[in-house]
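A.B. asks: I'd like to ask some things about the structure below.
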Amino acid sequence: MKILVCMKQVPQKDAPLKLNESGAWIREDVSYEVNEPDAFALEEALRQREKHKGEVVVITSGPARAQQVLREALAKGADRAIHLEDPKFVSLDAFNTAKAFAAAIKDETFDLIFTGLQSDDYGYAQTGVILAELLGLPHATIIMQIEKTDSGIRVKRELEAGYFQFVDMPTPAVLTIQSGINKLRYATLIGIKQAKNKPLRKVTLAEVQPAIGENLQKIERLYVPEKTKKTEHIEGPPAEIAKKLVDKLRNELRVL
Amino acid sequence: MPDTILVVVEQREGKLNRVSWETITAGQAIAAATGWALEAAVVGSSASSLAAEVSAKKVAKVYAIESPKLDPYTPDAFAAALKQFLDSKQPKLVLMPHTYQVRDFVPKLATAMARTVISDCIGFKYEGGKLVFTRQMFQGKLAADVSFTSDAPWFATFQNGAFRGDKAEAGASAAPVETVNVEIPDVAIRTKPQEVFKEAKQSVDLTQAEIIVAVGRGIKEQKNIEIAKQLADALGGDLAASRPICDSGWLPMDRQIGSSGQTVAPKLYLALGISGAIQHIVGMKGSRTIIAVNKDSEAPIFEIADYAIVGNLFDIVPALIEEVKKAKG
Ligand SMILES: Cc1cc2nc3c(=O)[nH]c(=O)nc-3n(C[C@H](O)[C@H](O)[C@H](O)COP(=O)(O)OP(=O)(O)OC[C@H]3O[C@@H](n4cnc5c(N)ncnc54)[C@H](O)[C@@H]3O)c2cc1C
Ligand SMILES: Nc1ncnc2c1ncn2[C@@H]1O[C@H](COP(=O)(O)O)[C@@H](O)[C@H]1O
């Protein structure tokens, strides 16, 4: 099985975010990590390869810093990487990001393409499904299990409120992976060493530019959300906070 | 002809998904602001009967988009059916609830029409003739106003709870219903869905709990769950968790709160080291009182908390356990 995994670099979960001068994006001098479901997508691809042989290729689009995500993936066992490298890739909408990916892989065929189910920064929840449509492939979203069958694959989709559903589908196909589908592995020292010699293909913006167009949607303004609820802050040293809280629990909320 | 807003409601096994009423409310609000006409559509094998239900609301018209191929749901059939309909109808704006089903097919539909979806919106603004949609970014830490820069039809989906379903206005008389039969070739449908099922029966029912102590990734390690358990015991409450805790196997799945877990509404919900992602919030925002402990003063959980404690849970929780024990004597 030849599997492509889309992996995005996003600001770290607890990184304090500041707006940049444009007021439409953040200041990029924060720490980054791999988008959580994408890490699970990579793990799943590695497990499928271990079972069925084949190749795992990872792809990202973003500035030079995004290469870190690919390096980590190679260290964990991915065979090679593709980096669409340019700071401008950050501001593409999901439609154009998917178009850029489609252009970058046009000379290859994959049995499966994985993306995360959504990104922690934009949270479009769209890139994988758009990519499927652009490539003319069937897709399934929010996947919690993948098994090879005689005619393709059987996947387990997560539905709302604890429901699930199995779906049979042919390959090639695009799947968007949910966090928690498996248990992540760590990179080994040997893996980290080997990663240095694995192929990493760089794709410039100019190469995919003919395939992409203007963004179809635009962020006009980014801001700290307005609070809708009156929140009371309880402050002080821990013992004092505890006293105040227990007082509220007992006398105001009457739950003690 | 005036511009039209089309709300596509969602059905599940022949019943309207209640979140559909929220999207109708959103559509009515946008119609009022813009002066555009509002219509609705139901998609499915037995759409007509549900269309009648929708036609009681203040909408100009309801379309029942039908084909036997729409049952069971597949993204291929739904995208094909709606594309046929929208290509001929050309509404200005198409609204849907941001459900798992909509996320599954609407990006495909929009892409097939070379259009875009502003997804998971929580509101809209109509300023100086320009329509912008508000959506959360960076897991709720920031919000963005987003506009369409492309041709209509425009697609937008609304987050569960963004509008009040019970505020959907009824119409003076029932709106006309038009049945639209769509042709979907067999080869267009590439996936074969099986029956929907629920995983092994839940052994814990948190929906009746009066006090819930919920832990998130701020608890850091499995062994630390113990202090949350002690607090829950001291308060006489139940222990629950955010998804990553259950994914890691630190607590069983049936203690997960949120869109893919249980929805609870206790008297007291104490969130320890939970950031407050929307998928968690939808499962607990109905709680009477929410107390959040988080070391990050900008964590989105504080936006819905009644009481906020900015601090290290490993300092706060032991002090709280002691104080509760004292109070209970
Ligand atoms: C389709 C879909 C469905 C989902 N379903 C669910 C669901 O049902 N339920 C659910 O919960 N999530 C669900 N999620 C995941 C959700 O988006 C979040 O990723 C998740 O809720 C985050 O969990 P968390 O708050 O525990 O972790 P994080 O977001 O990592 O937050 C940890 C928090 O702990 C704080 N912290 C760290 N250390 C300390 C300390 N010492 N003291 C105090 N605070 C500390 C940090 O400041 C941070 O705010 C779903 C996601 C998707 C896309
Ligand atoms: N710039 C990017 N680089 C790599 N993968 C991406 C990028 N943008 C989106 N993706 C993939 O698409 C998924 C969904 O992202 P989104 O549509 O933004 O919610 C992510 O989990 C990634 O797998």
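FYI, nothing fancy with the structure tokens labels: chains A, B, ... in order, residues from 1 per chain, ligands from 1 as they appear.
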Quick check: residues of chain B within 7 Å of chain A, only C-alpha atoms, returned as a PyMOL selection string.

C.D. replies: chain B and resi 100+103-104+107-108+111-112+116+119+137-139+141-150+190-199+247+259-262+303-309+315-316+319-320+323-324

A.B. asks: List all protein, DNA and RNA residues that have any atom at most 7 Å from ligand 1, counting only C-alpha atoms and all ligand atoms, and write the list as a PyMOL selection string.

C.D. replies: (chain A and resi 13-14+117-118+142) or (chain B and resi 215-220+241-245+256-261+272-280+293-296+299+311-314)

A.B. asks: Please provide as JSON, numbers by chain all residues within 7 Å of Gly191 (chain A), with the sequence filter that same-chain residues fewer than 6 positions apart are discarded (counting only C-alpha atoms).

C.D. replies: {"A": [75, 76, 77]}

A.B. asks: Kindly save the residues from that selection, with N, CA and C atoms included, as a short mmCIF file (atom, residue, chain, number, x, y, z; two decimals), in the first residue's frame.

C.D. replies:
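File written: again_23.cif
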```cif
data_model
loop_
_atom_site.label_atom_id
_atom_site.label_comp_id
_atom_site.auth_asym_id
_atom_site.auth_seq_id
_atom_site.Cartn_x
_atom_site.Cartn_y
_atom_site.Cartn_z
N ALA A 75 11.60 10.45 10.94
CA ALA A 75 12.25 9.78 12.08
C ALA A 75 11.36 8.68 12.65
N LYS A 76 10.07 8.87 12.58
CA LYS A 76 9.16 7.84 13.07
C LYS A 76 8.98 6.69 12.09
N GLY A 77 9.43 6.91 10.84
CA GLY A 77 9.39 5.79 9.90
C GLY A 77 8.84 6.08 8.52
#
```

A.B. asks: As a VMD selection string, which residues of region 2-121 of chain B does DSSP assign to alpha helix (DSSP H)?

C.D. replies: chain B and resid 19 to 34 47 to 54 75 to 89 100 to 112

A.B. asks: Just the strand (DSSP E or B) stuff from region 86-278 of chain B, please, per backbone DSSP, written as a ChimeraX atom specification.

C.D. replies: /B:93-97,117-127,130-137,142-148,154-158,170,177-181,192-198,211-215,238-241,256-257,262,268-272

A.B. asks: Quick one: residues within 9 Å of region 162-170 of chain B, only C-alpha atoms, excluding same-chain residues fewer than 5 positions away - as a list in words?

C.D. replies: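 Neighbouring residues, sequence-local ones excluded: Arg18, Val19, Ser20, Trp21, Glu22, Thr23, Ile24, Thr25, Ala26, Gln28, Ser55, Ala56, Lys57, Lys58, Val59, Cys121, Ile122 and Gly123 of chain B.
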
A.B. asks: Might you pull out every residue within 8 Å of region 61-66 of chain A, with only C-alpha atoms counted and same-chain residues fewer than 2 positions away left off, and present them as a short mmCIF file (atom, residue, chain, number, x, y, z; two decimals) with all heavy atoms, in the first residue's frame?

C.D. replies:
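The resulting file, part_5.cif, is reproduced below:
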```
data_model
loop_
_atom_site.label_atom_id
_atom_site.label_comp_id
_atom_site.auth_asym_id
_atom_site.auth_seq_id
_atom_site.Cartn_x
_atom_site.Cartn_y
_atom_site.Cartn_z
N LYS A 8 0.21 18.96 9.00
CA LYS A 8 0.31 20.40 9.10
C LYS A 8 1.01 20.81 10.40
O LYS A 8 0.80 20.18 11.44
CB LYS A 8 -1.09 21.01 9.07
CG LYS A 8 -1.08 22.52 9.04
CD LYS A 8 -2.47 23.09 8.86
CE LYS A 8 -2.34 24.56 8.53
NZ LYS A 8 -3.63 25.21 8.34
N GLN A 9 1.79 21.89 10.30
CA GLN A 9 2.39 22.45 11.51
C GLN A 9 1.49 23.57 12.01
O GLN A 9 1.10 24.45 11.24
CB GLN A 9 3.78 22.99 11.19
CG GLN A 9 4.61 23.23 12.43
CD GLN A 9 5.91 23.93 12.12
OE1 GLN A 9 5.94 24.84 11.30
NE2 GLN A 9 6.98 23.52 12.78
N ILE A 59 3.45 14.87 3.43
CA ILE A 59 3.47 16.13 2.69
C ILE A 59 2.99 17.25 3.60
O ILE A 59 2.11 17.05 4.44
CB ILE A 59 2.58 16.03 1.42
CG1 ILE A 59 2.72 17.27 0.52
CG2 ILE A 59 1.10 15.82 1.78
CD1 ILE A 59 2.08 17.08 -0.86
N GLN A 68 10.12 20.78 10.08
CA GLN A 68 10.26 20.05 11.34
C GLN A 68 9.25 18.89 11.42
O GLN A 68 9.58 17.79 11.85
CB GLN A 68 10.04 21.03 12.50
CG GLN A 68 10.10 20.42 13.88
CD GLN A 68 11.47 19.83 14.18
OE1 GLN A 68 12.47 20.21 13.56
NE2 GLN A 68 11.52 18.87 15.11
N VAL A 69 8.03 19.15 10.97
CA VAL A 69 6.99 18.14 10.99
C VAL A 69 7.38 16.94 10.12
O VAL A 69 7.20 15.78 10.49
CB VAL A 69 5.66 18.77 10.49
CG1 VAL A 69 4.65 17.71 10.12
CG2 VAL A 69 5.10 19.72 11.53
N LEU A 70 7.97 17.25 8.96
CA LEU A 70 8.38 16.18 8.04
C LEU A 70 9.55 15.40 8.62
O LEU A 70 9.60 14.17 8.54
CB LEU A 70 8.75 16.78 6.68
CG LEU A 70 7.64 17.58 5.98
CD1 LEU A 70 8.15 18.16 4.67
CD2 LEU A 70 6.42 16.70 5.73
N HIS A 83 7.76 18.87 0.67
CA HIS A 83 7.53 20.13 1.36
C HIS A 83 7.20 21.23 0.35
O HIS A 83 8.05 21.63 -0.44
CB HIS A 83 8.78 20.52 2.17
CG HIS A 83 8.56 21.73 3.03
ND1 HIS A 83 9.55 22.25 3.83
CD2 HIS A 83 7.49 22.53 3.22
CE1 HIS A 83 9.10 23.31 4.47
NE2 HIS A 83 7.84 23.50 4.11
N LEU A 84 5.97 21.68 0.36
CA LEU A 84 5.60 22.86 -0.43
C LEU A 84 6.01 24.05 0.41
O LEU A 84 5.33 24.40 1.37
CB LEU A 84 4.09 22.89 -0.71
CG LEU A 84 3.57 21.93 -1.79
CD1 LEU A 84 3.61 20.50 -1.31
CD2 LEU A 84 2.15 22.30 -2.21
N GLU A 85 7.17 24.62 0.07
CA GLU A 85 7.78 25.57 0.98
C GLU A 85 7.64 27.01 0.50
O GLU A 85 8.19 27.41 -0.52
CB GLU A 85 9.27 25.24 1.17
CG GLU A 85 9.88 26.12 2.24
CD GLU A 85 11.36 25.89 2.45
OE1 GLU A 85 11.84 24.76 2.22
OE2 GLU A 85 12.03 26.85 2.84
N ASP A 86 6.89 27.77 1.27
CA ASP A 86 6.77 29.21 1.06
C ASP A 86 5.90 29.76 2.17
O ASP A 86 4.88 29.16 2.52
CB ASP A 86 6.12 29.51 -0.30
CG ASP A 86 6.37 30.94 -0.75
OD1 ASP A 86 5.82 31.87 -0.11
OD2 ASP A 86 7.12 31.13 -1.72
N PRO A 87 6.29 30.92 2.73
CA PRO A 87 5.45 31.50 3.79
C PRO A 87 4.02 31.77 3.31
O PRO A 87 3.08 31.75 4.09
CB PRO A 87 6.16 32.81 4.13
CG PRO A 87 7.54 32.70 3.59
CD PRO A 87 7.51 31.71 2.47
N LYS A 88 3.86 32.00 2.01
CA LYS A 88 2.53 32.34 1.48
C LYS A 88 1.54 31.17 1.57
O LYS A 88 0.33 31.39 1.55
CB LYS A 88 2.64 32.79 0.02
CG LYS A 88 3.32 34.14 -0.15
CD LYS A 88 2.83 34.83 -1.41
CE LYS A 88 3.54 36.14 -1.63
NZ LYS A 88 4.98 35.93 -1.99
N PHE A 89 2.06 29.96 1.66
CA PHE A 89 1.14 28.83 1.75
C PHE A 89 0.25 28.92 2.99
O PHE A 89 -0.85 28.39 3.02
CB PHE A 89 1.91 27.50 1.76
CG PHE A 89 2.35 27.06 0.40
CD1 PHE A 89 3.70 26.96 0.08
CD2 PHE A 89 1.43 26.76 -0.59
CE1 PHE A 89 4.12 26.55 -1.19
CE2 PHE A 89 1.83 26.35 -1.86
CZ PHE A 89 3.18 26.25 -2.16
N VAL A 90 0.75 29.60 4.02
CA VAL A 90 -0.01 29.71 5.27
C VAL A 90 -1.36 30.38 5.05
O VAL A 90 -2.35 30.04 5.70
CB VAL A 90 0.80 30.50 6.33
CG1 VAL A 90 -0.03 30.76 7.58
CG2 VAL A 90 2.07 29.75 6.69
N THR A 97 -5.21 25.13 -0.82
CA THR A 97 -4.23 24.22 -0.22
C THR A 97 -4.38 22.84 -0.87
O THR A 97 -3.40 22.20 -1.27
CB THR A 97 -4.45 24.11 1.30
OG1 THR A 97 -4.24 25.40 1.88
CG2 THR A 97 -3.48 23.12 1.93
#
```

A.B. asks: Fewer than 2 positions away in the same chain doesn't count, so skip those; otherwise give me all residues within 10 Å of Val5 (chain A), counting only C-alpha atoms, as a compact mmCIF listing (two decimals) with N, CA, C and O atoms, in the first residue's frame.

C.D. replies:
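Printed below is out-v2.txt as written:
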```txt
# COMPACT_ATOMS: atom_id res chain seq x y z
N ILE A 3 0.82 5.10 0.71
CA ILE A 3 -0.03 6.01 1.47
C ILE A 3 0.59 7.40 1.57
O ILE A 3 1.78 7.53 1.89
N MET A 7 0.35 16.45 6.65
CA MET A 7 0.65 16.82 8.04
C MET A 7 0.92 18.31 8.12
O MET A 7 1.77 18.83 7.42
N LYS A 8 0.21 18.96 9.00
CA LYS A 8 0.31 20.40 9.10
C LYS A 8 1.01 20.81 10.40
O LYS A 8 0.80 20.18 11.44
N ASP A 38 -3.20 14.73 12.69
CA ASP A 38 -2.25 14.37 11.63
C ASP A 38 -1.20 13.39 12.15
O ASP A 38 -0.72 12.52 11.42
N ALA A 39 -0.85 13.53 13.44
CA ALA A 39 0.10 12.60 14.05
C ALA A 39 -0.52 11.20 14.10
O ALA A 39 0.16 10.19 13.84
N ALA A 41 -2.78 10.18 12.00
CA ALA A 41 -2.87 9.75 10.60
C ALA A 41 -1.55 9.11 10.17
O ALA A 41 -1.53 8.06 9.53
N LEU A 42 -0.44 9.73 10.57
CA LEU A 42 0.87 9.17 10.26
C LEU A 42 1.03 7.79 10.91
O LEU A 42 1.44 6.82 10.27
N GLU A 43 0.69 7.70 12.19
CA GLU A 43 0.80 6.43 12.91
C GLU A 43 0.00 5.34 12.20
O GLU A 43 0.47 4.22 12.01
N GLU A 44 -1.20 5.69 11.76
CA GLU A 44 -2.05 4.71 11.08
C GLU A 44 -1.41 4.26 9.76
O GLU A 44 -1.43 3.07 9.42
N ALA A 45 -0.83 5.22 9.05
CA ALA A 45 -0.18 4.88 7.78
C ALA A 45 1.00 3.93 8.03
O ALA A 45 1.18 2.95 7.30
N LEU A 46 1.78 4.19 9.08
CA LEU A 46 2.92 3.33 9.38
C LEU A 46 2.45 1.92 9.74
O LEU A 46 3.04 0.93 9.32
N VAL A 56 5.19 4.98 2.81
CA VAL A 56 4.48 6.10 3.45
C VAL A 56 5.18 7.40 3.07
O VAL A 56 6.37 7.57 3.33
N VAL A 57 4.43 8.29 2.45
CA VAL A 57 4.97 9.59 2.03
C VAL A 57 4.24 10.67 2.83
O VAL A 57 3.02 10.61 2.96
N VAL A 58 4.99 11.63 3.37
CA VAL A 58 4.35 12.72 4.10
C VAL A 58 4.49 14.02 3.33
O VAL A 58 5.49 14.25 2.65
N ILE A 59 3.45 14.87 3.43
CA ILE A 59 3.47 16.13 2.69
C ILE A 59 2.99 17.25 3.60
O ILE A 59 2.11 17.05 4.44
N THR A 60 3.62 18.41 3.46
CA THR A 60 3.16 19.58 4.20
C THR A 60 3.29 20.81 3.31
O THR A 60 4.07 20.81 2.37
N ALA A 73 8.34 13.04 11.13
CA ALA A 73 7.62 11.93 10.50
C ALA A 73 8.61 10.94 9.89
O ALA A 73 8.44 9.72 10.01
N ALA A 78 8.37 7.30 8.26
CA ALA A 78 7.91 7.61 6.91
C ALA A 78 9.07 7.45 5.94
O ALA A 78 10.24 7.62 6.32
N ALA A 81 9.45 12.54 1.99
CA ALA A 81 8.64 13.70 2.33
C ALA A 81 8.58 14.69 1.18
O ALA A 81 9.48 14.73 0.34
N LEU A 112 -3.98 5.16 -0.70
CA LEU A 112 -4.73 5.88 0.32
C LEU A 112 -4.09 7.24 0.57
O LEU A 112 -2.86 7.36 0.54
N ILE A 113 -4.92 8.23 0.79
CA ILE A 113 -4.44 9.54 1.22
C ILE A 113 -5.11 9.85 2.55
O ILE A 113 -6.34 9.77 2.66
N PHE A 114 -4.30 10.15 3.56
CA PHE A 114 -4.83 10.50 4.88
C PHE A 114 -4.64 12.00 5.14
O PHE A 114 -3.58 12.55 4.84
N THR A 115 -5.65 12.60 5.73
CA THR A 115 -5.46 13.91 6.35
C THR A 115 -5.99 13.80 7.78
O THR A 115 -6.67 12.83 8.11
N GLY A 116 -5.71 14.80 8.60
CA GLY A 116 -6.38 14.87 9.88
C GLY A 116 -7.81 15.32 9.64
O GLY A 116 -8.13 15.84 8.57
N VAL A 174 -9.59 8.74 -0.10
CA VAL A 174 -9.08 9.72 0.86
C VAL A 174 -9.83 9.54 2.18
O VAL A 174 -11.06 9.42 2.18
N LEU A 175 -9.09 9.50 3.28
CA LEU A 175 -9.71 9.33 4.60
C LEU A 175 -9.26 10.46 5.51
O LEU A 175 -8.08 10.84 5.52
N THR A 176 -10.19 11.02 6.29
CA THR A 176 -9.78 12.00 7.29
C THR A 176 -9.81 11.30 8.65
O THR A 176 -10.79 10.68 9.03
```

A.B. asks: With a distance cut-off of 12 Å and only C-alpha atoms, select the neighbouring residues of Asp233 (chain B), excluding the residue or stretch itself and same-chain residues fewer than 4 positions from it, and output the selection as a ChimeraX atom specification.

C.D. replies: /B:211-213,226-229,237-239,321-322,324-325,328

A.B. asks: With all heavy atoms kept, could you save the residues just selected as a compact mmCIF listing (two decimals), in the first residue's frame?

C.D. replies:
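Just written: again-v8.txt:
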```txt
# COMPACT_ATOMS: atom_id res chain seq x y z
N ILE B 211 -23.12 16.42 40.45
CA ILE B 211 -21.80 17.06 40.53
C ILE B 211 -20.83 16.27 39.67
O ILE B 211 -20.73 15.05 39.80
CB ILE B 211 -21.30 17.11 41.99
CG1 ILE B 211 -22.25 17.97 42.83
CG2 ILE B 211 -19.87 17.64 42.05
CD1 ILE B 211 -21.88 18.05 44.30
N ILE B 212 -20.15 16.96 38.78
CA ILE B 212 -19.17 16.28 37.94
C ILE B 212 -17.83 16.99 38.05
O ILE B 212 -17.75 18.21 37.93
CB ILE B 212 -19.62 16.24 36.46
CG1 ILE B 212 -20.82 15.30 36.30
CG2 ILE B 212 -18.48 15.81 35.54
CD1 ILE B 212 -21.38 15.23 34.90
N VAL B 213 -16.80 16.20 38.33
CA VAL B 213 -15.43 16.71 38.30
C VAL B 213 -14.80 16.16 37.03
O VAL B 213 -14.68 14.95 36.88
CB VAL B 213 -14.63 16.26 39.54
CG1 VAL B 213 -13.17 16.70 39.43
CG2 VAL B 213 -15.26 16.83 40.81
N GLU B 226 -5.88 10.38 40.12
CA GLU B 226 -6.25 10.06 41.49
C GLU B 226 -6.69 11.30 42.29
O GLU B 226 -7.67 11.26 43.03
CB GLU B 226 -5.06 9.37 42.20
CG GLU B 226 -5.34 8.84 43.58
CD GLU B 226 -6.57 7.94 43.67
OE1 GLU B 226 -6.89 7.24 42.68
OE2 GLU B 226 -7.22 7.97 44.74
N ILE B 227 -6.02 12.42 42.11
CA ILE B 227 -6.41 13.59 42.91
C ILE B 227 -7.77 14.13 42.48
O ILE B 227 -8.54 14.63 43.29
CB ILE B 227 -5.34 14.73 42.93
CG1 ILE B 227 -5.14 15.32 41.54
CG2 ILE B 227 -4.05 14.29 43.55
CD1 ILE B 227 -4.49 16.70 41.61
N ALA B 228 -8.07 13.99 41.18
CA ALA B 228 -9.40 14.42 40.72
C ALA B 228 -10.46 13.48 41.29
O ALA B 228 -11.55 13.91 41.67
CB ALA B 228 -9.45 14.40 39.19
N LYS B 229 -10.10 12.21 41.37
CA LYS B 229 -11.01 11.21 41.93
C LYS B 229 -11.29 11.53 43.40
O LYS B 229 -12.44 11.47 43.86
CB LYS B 229 -10.38 9.83 41.77
CG LYS B 229 -11.08 8.68 42.45
CD LYS B 229 -11.81 7.85 41.42
CE LYS B 229 -12.59 6.67 41.98
NZ LYS B 229 -13.22 6.82 43.26
N GLY B 237 -19.42 13.51 44.01
CA GLY B 237 -19.74 13.64 42.58
C GLY B 237 -19.11 12.54 41.75
O GLY B 237 -18.50 11.61 42.27
N ASP B 238 -19.29 12.67 40.44
CA ASP B 238 -18.75 11.69 39.50
C ASP B 238 -17.56 12.26 38.74
O ASP B 238 -17.47 13.46 38.52
CB ASP B 238 -19.81 11.29 38.47
CG ASP B 238 -20.85 10.37 39.07
OD1 ASP B 238 -20.50 9.23 39.40
OD2 ASP B 238 -22.01 10.82 39.23
N LEU B 239 -16.70 11.35 38.31
CA LEU B 239 -15.51 11.74 37.56
C LEU B 239 -15.80 11.65 36.06
O LEU B 239 -16.41 10.68 35.60
CB LEU B 239 -14.38 10.80 37.95
CG LEU B 239 -12.96 11.18 37.59
CD1 LEU B 239 -12.59 12.52 38.21
CD2 LEU B 239 -12.00 10.10 38.08
N ILE B 321 -9.68 19.80 48.19
CA ILE B 321 -10.09 18.53 48.81
C ILE B 321 -10.13 18.69 50.33
O ILE B 321 -11.11 18.32 51.00
CB ILE B 321 -9.12 17.38 48.43
CG1 ILE B 321 -9.20 17.09 46.93
CG2 ILE B 321 -9.43 16.11 49.23
CD1 ILE B 321 -8.11 16.16 46.41
N GLU B 322 -9.08 19.29 50.84
CA GLU B 322 -8.98 19.47 52.29
C GLU B 322 -10.13 20.32 52.82
O GLU B 322 -10.78 19.98 53.81
CB GLU B 322 -7.65 20.16 52.58
CG GLU B 322 -7.15 19.99 54.00
CD GLU B 322 -5.81 20.69 54.15
OE1 GLU B 322 -4.91 20.42 53.31
OE2 GLU B 322 -5.67 21.50 55.09
N VAL B 324 -13.06 20.94 51.41
CA VAL B 324 -14.37 20.28 51.27
C VAL B 324 -14.56 19.28 52.41
O VAL B 324 -15.63 19.19 53.01
CB VAL B 324 -14.49 19.57 49.90
CG1 VAL B 324 -15.76 18.72 49.84
CG2 VAL B 324 -14.51 20.59 48.77
N LYS B 325 -13.49 18.53 52.71
CA LYS B 325 -13.57 17.53 53.79
C LYS B 325 -13.88 18.21 55.11
O LYS B 325 -14.70 17.74 55.89
CB LYS B 325 -12.26 16.75 53.90
CG LYS B 325 -12.15 15.66 52.84
CD LYS B 325 -10.93 14.80 53.12
CE LYS B 325 -10.79 13.71 52.08
NZ LYS B 325 -9.40 13.23 52.00
N LYS B 328 -17.48 19.31 55.22
CA LYS B 328 -18.43 18.21 55.39
C LYS B 328 -18.30 17.59 56.77
O LYS B 328 -19.19 16.84 57.20
CB LYS B 328 -18.19 17.14 54.32
CG LYS B 328 -18.71 17.60 52.95
CD LYS B 328 -19.01 16.40 52.09
CE LYS B 328 -19.98 16.77 50.98
NZ LYS B 328 -20.21 15.66 50.07
```

A.B. asks: If I take CA of Ser287 (chain B) and CA of Tyr269 (chain B), how far is one from the other in Å, to one decimal?

C.D. replies: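 Spanning CA of Ser287 (chain B) to CA of Tyr269 (chain B) is a straight-line distance of 6.3 Å.
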
A.B. asks: Compare B:Gly35, B:Ala80, B:Gln136, B:Arg12 by their minimum atom-to-atom distance to ligand 2, counting only C-alpha atoms and all ligand atoms, and give me the closest one.

C.D. replies: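 Nearest to ligand 2: B:Gln136.
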
A.B. asks: Select, from B:Gly249, B:Pro91, B:Pro153, B:Gly140, the residue with the minimum atom-to-atom distance to Ile301 (chain B), counting only C-alpha atoms.

C.D. replies: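 Nearest candidate to Ile301 (chain B) out of B:Gly249, B:Pro91, B:Pro153, B:Gly140: B:Gly140.
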
A.B. asks: Given only C-alpha atoms and all ligand atoms as the basis, pick out the residue of B:Pro68, B:Val264, B:Asp120, B:Leu6 nearest to ligand 2.

C.D. replies: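 The closest residue to ligand 2 is B:Asp120.
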
A.B. asks: Could you work out how far atom 15 (O, counted along the ligand's line) of ligand 2 lies from CA of Leu135 (chain A), giving the answer in Å with one decimal?

C.D. replies: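 Interatomic distance, CA of Leu135 (chain A) to atom 15 (O, counted along the ligand's line) of ligand 2: 16.7 Å.
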
A.B. asks: For Phe158 (chain B), which of B:Tyr126, B:Gly27, B:Ala188, B:Val54 is the closest residue, counting only C-alpha atoms?

C.D. replies: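 Answer, going by the shortest atom-to-atom distance: B:Gly27.
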
A.B. asks: Between B:Leu206, B:Val117, B:Ile281, B:Leu38, single out the one closest to ligand 2, counting only C-alpha atoms and all ligand atoms.

C.D. replies: B:Val117
